[in-house]
Amino acid sequence: MKFREALLTAADQLELSSLRRVSALLSGHYQSPYQGSGMQFKEFRPYQFGDDVRHMSWQVTAKTGHPTLKIYEEDRELNIILMVDTSGSSLFGISQTRKIEMYQELVALFGLAASKNNDNFGTLFFNDQPTQFLPPRRSRSHVLLALSKLQSQVLDGKKSDLRPSLQYLARFVKTPSLIFIISDFITPSFQNELTALTKKHEVIFLHCFDDAERGSCLKGVYEVRDPETGELHLLDGSSSRLKADLLKNFSELSIKLERLAHNTKSEYLPLSVQDDYLQRVVRHFKSRGAFQRHSVR
């Protein structure tokens, strides 16, 4: 499978990380969700004044008669899962790129970045039900498999509902993970299911949209078909009222998602098909990295 140069560049630049894990490390109560206890045993060493007594090895101390500490090193491996919307609305696009092509590139971006970082990578495709789950694996071939499976999904006529898929992950993914939801979020409310999932997992919304959905880039009259219902509509792109209504609906959805992300300690990142969305993702994670470095100081 051939990737465009911009995608390969972005994948090389992207450094995935978990803010929740770093916050726990800084607070001194770190229990990594990514590998067992989250810290791998490295060695024993004599206790020194000021060391945290919670890391004492009482068994070795009793055996040797000398206060001894267990030394650990952080296991940095991440468990990354992409939830990818394969409903009919993903077929929408007023320019050459439809939302589904954007989804495919985002899967490739995160998959290649995970492979580069030796992280586990998995995907869950969904419409109004989970359609296919590829559990996290650590290999480039697993990324290519995910892309192949995504291309074979039936999209036309499929409705979207996040609730069953969020429930599915909450039941079957035992290792706390960094979960990305790649969708336009044209779906019923899913707050309860998300709240349950975020008790164990860290979630990032990737709100993918076409600028036409917020009233931009519209010129002339368009005949459009709703890919979820099959209904045909005529849109007058020169209508100021239509543009105002589209912008209002889009703004209300964005505010709703941003508020939901805040209330569940998740993140919200809007991505336009017409924008350089690959670099936008890279910049977002660079800002997370800057936050982590500042916090460590």
# chains A, B, ... in the order shown; residues from 1 in each chain; ligands from 1
$ residues_around --residues "Ile182 in chain A" --least-positions-apart "2" --cutoff "9 Å" --atoms "only C-alpha atoms" --output "ChimeraX atom specification"
/A:82-85,103,106-107,180,184-185,204-208
$ write_last_selection --atoms "all heavy atoms" --output "tab-separated table (two decimals), in the first residue's frame"
chain	number	residue	atom	x	y	z
A	82	LEU	N	-8.34	2.82	17.68
A	82	LEU	CA	-9.09	3.79	16.89
A	82	LEU	C	-10.50	3.27	16.67
A	82	LEU	O	-10.68	2.16	16.18
A	82	LEU	CB	-8.43	4.01	15.52
A	82	LEU	CG	-6.98	4.46	15.47
A	82	LEU	CD1	-6.59	4.78	14.03
A	82	LEU	CD2	-6.72	5.66	16.36
A	83	MET	N	-11.48	4.07	17.06
A	83	MET	CA	-12.87	3.79	16.72
A	83	MET	C	-13.18	4.58	15.44
A	83	MET	O	-13.10	5.81	15.45
A	83	MET	CB	-13.81	4.22	17.84
A	83	MET	CG	-13.62	3.46	19.13
A	83	MET	SD	-14.79	4.04	20.41
A	83	MET	CE	-16.36	3.53	19.70
A	84	VAL	N	-13.53	3.88	14.36
A	84	VAL	CA	-13.69	4.55	13.06
A	84	VAL	C	-15.13	4.43	12.59
A	84	VAL	O	-15.67	3.33	12.47
A	84	VAL	CB	-12.73	3.94	12.02
A	84	VAL	CG1	-12.81	4.74	10.71
A	84	VAL	CG2	-11.30	3.91	12.54
A	85	ASP	N	-15.73	5.57	12.31
A	85	ASP	CA	-17.12	5.66	11.86
A	85	ASP	C	-17.24	5.18	10.41
A	85	ASP	O	-16.65	5.77	9.51
A	85	ASP	CB	-17.57	7.12	11.98
A	85	ASP	CG	-19.06	7.32	11.71
A	85	ASP	OD1	-19.68	6.42	11.13
A	85	ASP	OD2	-19.56	8.39	12.07
A	103	TYR	N	-10.66	9.61	7.02
A	103	TYR	CA	-10.59	8.58	8.04
A	103	TYR	C	-9.46	7.58	7.74
A	103	TYR	O	-8.72	7.17	8.63
A	103	TYR	CB	-11.91	7.81	8.14
A	103	TYR	CG	-13.13	8.61	8.55
A	103	TYR	CD1	-14.39	8.03	8.54
A	103	TYR	CD2	-13.04	9.95	8.94
A	103	TYR	CE1	-15.53	8.74	8.91
A	103	TYR	CE2	-14.17	10.67	9.30
A	103	TYR	CZ	-15.41	10.06	9.28
A	103	TYR	OH	-16.53	10.76	9.63
A	106	LEU	N	-6.14	9.05	8.55
A	106	LEU	CA	-5.92	9.14	9.99
A	106	LEU	C	-5.58	7.78	10.59
A	106	LEU	O	-4.73	7.66	11.47
A	106	LEU	CB	-7.16	9.73	10.68
A	106	LEU	CG	-7.41	11.22	10.42
A	106	LEU	CD1	-8.77	11.64	10.96
A	106	LEU	CD2	-6.31	12.08	11.06
A	107	VAL	N	-6.23	6.73	10.09
A	107	VAL	CA	-5.88	5.37	10.53
A	107	VAL	C	-4.43	5.07	10.18
A	107	VAL	O	-3.66	4.54	11.01
A	107	VAL	CB	-6.83	4.32	9.90
A	107	VAL	CG1	-6.31	2.91	10.16
A	107	VAL	CG2	-8.24	4.48	10.45
A	180	PHE	N	-9.09	6.77	20.30
A	180	PHE	CA	-9.48	7.86	19.41
A	180	PHE	C	-10.81	7.51	18.76
A	180	PHE	O	-10.97	6.41	18.23
A	180	PHE	CB	-8.43	8.08	18.31
A	180	PHE	CG	-7.10	8.53	18.81
A	180	PHE	CD1	-6.13	7.61	19.20
A	180	PHE	CD2	-6.79	9.88	18.89
A	180	PHE	CE1	-4.89	8.02	19.65
A	180	PHE	CE2	-5.56	10.31	19.34
A	180	PHE	CZ	-4.60	9.39	19.72
A	184	ASP	N	-17.81	12.00	12.37
A	184	ASP	CA	-18.42	13.33	12.26
A	184	ASP	C	-19.42	13.55	13.40
A	184	ASP	O	-20.00	14.62	13.51
A	184	ASP	CB	-19.09	13.52	10.90
A	184	ASP	CG	-20.10	12.42	10.56
A	184	ASP	OD1	-20.54	11.72	11.49
A	184	ASP	OD2	-20.42	12.26	9.38
A	185	PHE	N	-19.63	12.54	14.22
A	185	PHE	CA	-20.46	12.61	15.42
A	185	PHE	C	-21.91	12.99	15.12
A	185	PHE	O	-22.58	13.60	15.95
A	185	PHE	CB	-19.85	13.55	16.47
A	185	PHE	CG	-18.56	13.02	17.04
A	185	PHE	CD1	-17.33	13.39	16.48
A	185	PHE	CD2	-18.56	12.14	18.10
A	185	PHE	CE1	-16.14	12.89	16.98
A	185	PHE	CE2	-17.37	11.63	18.61
A	185	PHE	CZ	-16.17	12.01	18.05
A	204	ILE	N	-10.02	10.55	23.03
A	204	ILE	CA	-9.86	11.78	22.26
A	204	ILE	C	-10.85	11.77	21.11
A	204	ILE	O	-10.89	10.81	20.32
A	204	ILE	CB	-8.42	11.92	21.72
A	204	ILE	CG1	-7.41	11.97	22.87
A	204	ILE	CG2	-8.29	13.16	20.84
A	204	ILE	CD1	-5.96	12.03	22.43
A	205	PHE	N	-11.68	12.81	21.01
A	205	PHE	CA	-12.61	12.95	19.89
A	205	PHE	C	-11.87	13.59	18.71
A	205	PHE	O	-11.32	14.69	18.86
A	205	PHE	CB	-13.77	13.89	20.22
A	205	PHE	CG	-14.60	13.52	21.41
A	205	PHE	CD1	-15.53	14.43	21.90
A	205	PHE	CD2	-14.48	12.31	22.04
A	205	PHE	CE1	-16.32	14.12	23.00
A	205	PHE	CE2	-15.26	11.99	23.13
A	205	PHE	CZ	-16.18	12.91	23.62
A	206	LEU	N	-11.88	12.95	17.57
A	206	LEU	CA	-11.42	13.57	16.33
A	206	LEU	C	-12.66	13.88	15.51
A	206	LEU	O	-13.19	13.01	14.82
A	206	LEU	CB	-10.45	12.65	15.58
A	206	LEU	CG	-9.17	12.27	16.33
A	206	LEU	CD1	-8.29	11.39	15.45
A	206	LEU	CD2	-8.40	13.50	16.78
A	207	HIS	N	-13.13	15.11	15.62
A	207	HIS	CA	-14.37	15.53	14.96
A	207	HIS	C	-14.05	15.91	13.51
A	207	HIS	O	-13.52	16.98	13.23
A	207	HIS	CB	-14.97	16.71	15.72
A	207	HIS	CG	-16.25	17.20	15.13
A	207	HIS	ND1	-16.78	18.45	15.42
A	207	HIS	CD2	-17.12	16.64	14.24
A	207	HIS	CE1	-17.90	18.62	14.75
A	207	HIS	NE2	-18.12	17.53	14.04
A	208	CYS	N	-14.37	15.01	12.60
A	208	CYS	CA	-14.02	15.18	11.18
A	208	CYS	C	-15.23	15.72	10.41
A	208	CYS	O	-16.33	15.19	10.53
A	208	CYS	CB	-13.58	13.85	10.59
A	208	CYS	SG	-12.16	13.11	11.45
$ residues_around --residues "Ser139 in chain A" --least-positions-apart "6" --cutoff "10 Å" --atoms "only C-alpha atoms" --output "list in words"
Gly111, Leu112, Ala114, Ser115, Lys116, Asn118, Asp119, Asn120 and Phe121 of chain A
$ write_last_selection --atoms "N, CA, C and O atoms" --output "PDB file, in the first residue's frame"
ATOM      1  N   GLY A 111      -1.573   4.540  12.943  1.00  0.00           N
ATOM      2  CA  GLY A 111      -1.020   3.193  12.877  1.00  0.00           C
ATOM      3  C   GLY A 111       0.480   3.198  12.641  1.00  0.00           C
ATOM      4  O   GLY A 111       1.237   2.481  13.313  1.00  0.00           O
ATOM      5  N   LEU A 112       0.944   4.012  11.692  1.00  0.00           N
ATOM      6  CA  LEU A 112       2.378   4.084  11.399  1.00  0.00           C
ATOM      7  C   LEU A 112       3.141   4.699  12.570  1.00  0.00           C
ATOM      8  O   LEU A 112       4.251   4.257  12.892  1.00  0.00           O
ATOM      9  N   ALA A 114       2.254   4.541  15.733  1.00  0.00           N
ATOM     10  CA  ALA A 114       2.281   3.516  16.778  1.00  0.00           C
ATOM     11  C   ALA A 114       3.337   2.463  16.480  1.00  0.00           C
ATOM     12  O   ALA A 114       4.084   2.040  17.366  1.00  0.00           O
ATOM     13  N   SER A 115       3.410   2.053  15.223  1.00  0.00           N
ATOM     14  CA  SER A 115       4.409   1.057  14.824  1.00  0.00           C
ATOM     15  C   SER A 115       5.829   1.578  15.041  1.00  0.00           C
ATOM     16  O   SER A 115       6.700   0.865  15.539  1.00  0.00           O
ATOM     17  N   LYS A 116       6.043   2.842  14.691  1.00  0.00           N
ATOM     18  CA  LYS A 116       7.356   3.465  14.883  1.00  0.00           C
ATOM     19  C   LYS A 116       7.739   3.495  16.355  1.00  0.00           C
ATOM     20  O   LYS A 116       8.903   3.287  16.716  1.00  0.00           O
ATOM     21  N   ASN A 118       6.719   1.421  18.651  1.00  0.00           N
ATOM     22  CA  ASN A 118       6.549   0.094  19.260  1.00  0.00           C
ATOM     23  C   ASN A 118       5.350   0.042  20.203  1.00  0.00           C
ATOM     24  O   ASN A 118       5.391  -0.613  21.251  1.00  0.00           O
ATOM     25  N   ASP A 119       4.282   0.743  19.844  1.00  0.00           N
ATOM     26  CA  ASP A 119       3.048   0.702  20.611  1.00  0.00           C
ATOM     27  C   ASP A 119       2.074  -0.292  19.989  1.00  0.00           C
ATOM     28  O   ASP A 119       2.162  -0.601  18.801  1.00  0.00           O
ATOM     29  N   ASN A 120       1.142  -0.766  20.801  1.00  0.00           N
ATOM     30  CA  ASN A 120       0.098  -1.652  20.298  1.00  0.00           C
ATOM     31  C   ASN A 120      -0.990  -0.829  19.617  1.00  0.00           C
ATOM     32  O   ASN A 120      -1.367   0.232  20.118  1.00  0.00           O
ATOM     33  N   PHE A 121      -1.512  -1.335  18.495  1.00  0.00           N
ATOM     34  CA  PHE A 121      -2.461  -0.582  17.680  1.00  0.00           C
ATOM     35  C   PHE A 121      -3.631  -1.478  17.287  1.00  0.00           C
ATOM     36  O   PHE A 121      -3.444  -2.588  16.797  1.00  0.00           O
TER      37      PHE A 121
END
$ residues_around --residues "range 157-168 of chain A" --least-positions-apart "3" --cutoff "9 Å" --atoms "only C-alpha atoms" --output "PyMOL selection string"
chain A and resi 83+85-89+124-131+154+171-173+185-194+196-197+226-230
$ write_last_selection --atoms "N, CA, C and O atoms" --output "CSV table (one decimal), in the first residue's frame"
chain,number,residue,atom,x,y,z
A,83,MET,N,-11.5,4.1,17.1
A,83,MET,CA,-12.9,3.8,16.7
A,83,MET,C,-13.2,4.6,15.4
A,83,MET,O,-13.1,5.8,15.5
A,85,ASP,N,-15.7,5.6,12.3
A,85,ASP,CA,-17.1,5.7,11.9
A,85,ASP,C,-17.2,5.2,10.4
A,85,ASP,O,-16.6,5.8,9.5
A,86,THR,N,-18.0,4.1,10.2
A,86,THR,CA,-18.2,3.6,8.8
A,86,THR,C,-19.7,3.7,8.5
A,86,THR,O,-20.2,2.8,7.8
A,87,SER,N,-20.3,4.7,8.9
A,87,SER,CA,-21.7,4.9,8.5
A,87,SER,C,-21.8,5.7,7.2
A,87,SER,O,-20.7,6.1,6.7
A,88,GLY,N,-23.0,5.8,6.7
A,88,GLY,CA,-23.1,6.4,5.3
A,88,GLY,C,-22.6,7.9,5.3
A,88,GLY,O,-22.2,8.3,4.2
A,89,SER,N,-22.7,8.6,6.4
A,89,SER,CA,-22.3,10.0,6.3
A,89,SER,C,-20.8,10.2,6.0
A,89,SER,O,-20.4,11.3,5.6
A,124,LEU,N,-11.6,-0.4,15.9
A,124,LEU,CA,-13.0,-0.9,15.9
A,124,LEU,C,-13.8,-0.1,14.9
A,124,LEU,O,-13.9,1.1,15.0
A,125,PHE,N,-14.3,-0.7,13.9
A,125,PHE,CA,-15.2,-0.1,12.9
A,125,PHE,C,-16.6,-0.2,13.4
A,125,PHE,O,-17.0,-1.2,13.9
A,126,PHE,N,-17.4,0.9,13.2
A,126,PHE,CA,-18.7,0.9,13.7
A,126,PHE,C,-19.6,1.7,12.8
A,126,PHE,O,-19.2,2.7,12.1
A,127,ASN,N,-20.9,1.4,12.8
A,127,ASN,CA,-22.0,2.2,12.2
A,127,ASN,C,-23.0,2.4,13.4
A,127,ASN,O,-22.7,3.0,14.4
A,128,ASP,N,-24.1,1.7,13.3
A,128,ASP,CA,-25.0,1.8,14.5
A,128,ASP,C,-24.7,0.6,15.4
A,128,ASP,O,-25.4,0.4,16.5
A,129,GLN,N,-23.8,-0.3,15.0
A,129,GLN,CA,-23.3,-1.4,15.8
A,129,GLN,C,-21.8,-1.6,15.5
A,129,GLN,O,-21.3,-1.1,14.5
A,130,PRO,N,-21.1,-2.2,16.4
A,130,PRO,CA,-19.7,-2.6,16.1
A,130,PRO,C,-19.7,-3.5,14.9
A,130,PRO,O,-20.5,-4.5,14.9
A,131,THR,N,-18.9,-3.3,13.9
A,131,THR,CA,-18.9,-4.2,12.7
A,131,THR,C,-17.6,-5.1,12.7
A,131,THR,O,-17.7,-6.2,12.2
A,154,VAL,N,-18.9,-1.8,4.3
A,154,VAL,CA,-20.1,-1.4,3.6
A,154,VAL,C,-20.6,-0.1,4.2
A,154,VAL,O,-20.9,-0.1,5.4
A,171,ARG,N,-16.6,-3.4,27.7
A,171,ARG,CA,-16.7,-4.8,28.2
A,171,ARG,C,-15.5,-5.6,27.8
A,171,ARG,O,-15.0,-6.5,28.6
A,172,PHE,N,-14.9,-5.4,26.6
A,172,PHE,CA,-14.0,-6.4,26.1
A,172,PHE,C,-12.5,-5.9,26.1
A,172,PHE,O,-11.6,-6.7,25.9
A,173,VAL,N,-12.3,-4.6,26.3
A,173,VAL,CA,-10.9,-4.1,26.4
A,173,VAL,C,-10.5,-4.0,27.9
A,173,VAL,O,-10.9,-3.0,28.5
A,185,PHE,N,-19.6,12.5,14.2
A,185,PHE,CA,-20.5,12.6,15.4
A,185,PHE,C,-21.9,13.0,15.1
A,185,PHE,O,-22.6,13.6,16.0
A,186,ILE,N,-22.4,12.6,13.9
A,186,ILE,CA,-23.8,12.7,13.6
A,186,ILE,C,-24.5,11.5,14.2
A,186,ILE,O,-24.7,10.5,13.4
A,187,THR,N,-24.7,11.5,15.4
A,187,THR,CA,-25.1,10.3,16.2
A,187,THR,C,-25.9,10.7,17.4
A,187,THR,O,-25.8,11.8,17.9
A,188,PRO,N,-26.8,9.7,17.9
A,188,PRO,CA,-27.5,10.0,19.2
A,188,PRO,C,-26.5,10.3,20.3
A,188,PRO,O,-25.3,9.9,20.3
A,189,SER,N,-27.0,10.9,21.4
A,189,SER,CA,-26.2,11.3,22.5
A,189,SER,C,-25.6,10.0,23.1
A,189,SER,O,-26.3,9.0,23.2
A,190,PHE,N,-24.3,10.1,23.6
A,190,PHE,CA,-23.6,8.9,24.1
A,190,PHE,C,-22.9,9.2,25.4
A,190,PHE,O,-21.9,8.5,25.7
A,191,GLN,N,-23.4,10.2,26.1
A,191,GLN,CA,-22.7,10.6,27.3
A,191,GLN,C,-22.6,9.5,28.4
A,191,GLN,O,-21.5,9.4,28.9
A,192,ASN,N,-23.6,8.8,28.6
A,192,ASN,CA,-23.5,7.8,29.7
A,192,ASN,C,-22.5,6.7,29.3
A,192,ASN,O,-21.7,6.3,30.2
A,193,GLU,N,-22.5,6.2,28.1
A,193,GLU,CA,-21.6,5.2,27.6
A,193,GLU,C,-20.2,5.7,27.7
A,193,GLU,O,-19.2,5.0,28.0
A,194,LEU,N,-20.0,7.0,27.3
A,194,LEU,CA,-18.6,7.5,27.3
A,194,LEU,C,-18.1,7.7,28.7
A,194,LEU,O,-17.0,7.4,29.0
A,196,ALA,N,-18.8,5.9,31.3
A,196,ALA,CA,-18.4,4.6,31.8
A,196,ALA,C,-17.0,4.2,31.2
A,196,ALA,O,-16.2,3.6,31.9
A,197,LEU,N,-16.8,4.5,29.9
A,197,LEU,CA,-15.6,4.1,29.3
A,197,LEU,C,-14.4,4.8,29.8
A,197,LEU,O,-13.3,4.3,30.0
A,226,ASP,N,-28.7,11.9,1.0
A,226,ASP,CA,-28.3,11.5,2.3
A,226,ASP,C,-27.9,10.1,2.2
A,226,ASP,O,-28.7,9.2,2.0
A,227,PRO,N,-26.6,9.7,2.5
A,227,PRO,CA,-26.1,8.4,2.3
A,227,PRO,C,-26.6,7.4,3.4
A,227,PRO,O,-26.4,6.2,3.3
A,228,GLU,N,-27.2,8.0,4.5
A,228,GLU,CA,-27.8,7.1,5.5
A,228,GLU,C,-29.2,6.8,5.3
A,228,GLU,O,-29.7,5.7,5.7
A,229,THR,N,-30.0,7.7,4.6
A,229,THR,CA,-31.4,7.5,4.4
A,229,THR,C,-31.8,7.3,2.9
A,229,THR,O,-32.8,6.8,2.6
A,230,GLY,N,-30.9,7.7,2.0
A,230,GLY,CA,-31.1,7.7,0.6
A,230,GLY,C,-32.0,8.8,0.1
A,230,GLY,O,-32.2,8.9,-1.1
$ select_by_dssp --residues "range 187-250 of chain A" --states "helix (DSSP H, G or I)" --output "ChimeraX atom specification"
/A:191-197,211-214,240-250
$ closest_residue --among "A:Gly122, A:Arg259, A:Ala212, A:Asn117" --to "Asp12 in chain A" --atoms "only C-alpha atoms"
A:Asn117
$ closest_residue --among "A:Val221, A:Met102, A:Ile71, A:Leu178" --to "Leu16 in chain A" --atoms "only C-alpha atoms"
A:Leu178
$ select_by_dssp --residues "range 50-186 of chain A" --states "strand (DSSP E)" --output "ChimeraX atom specification"
/A:68-74,79-85,120-126,130-137,178-183
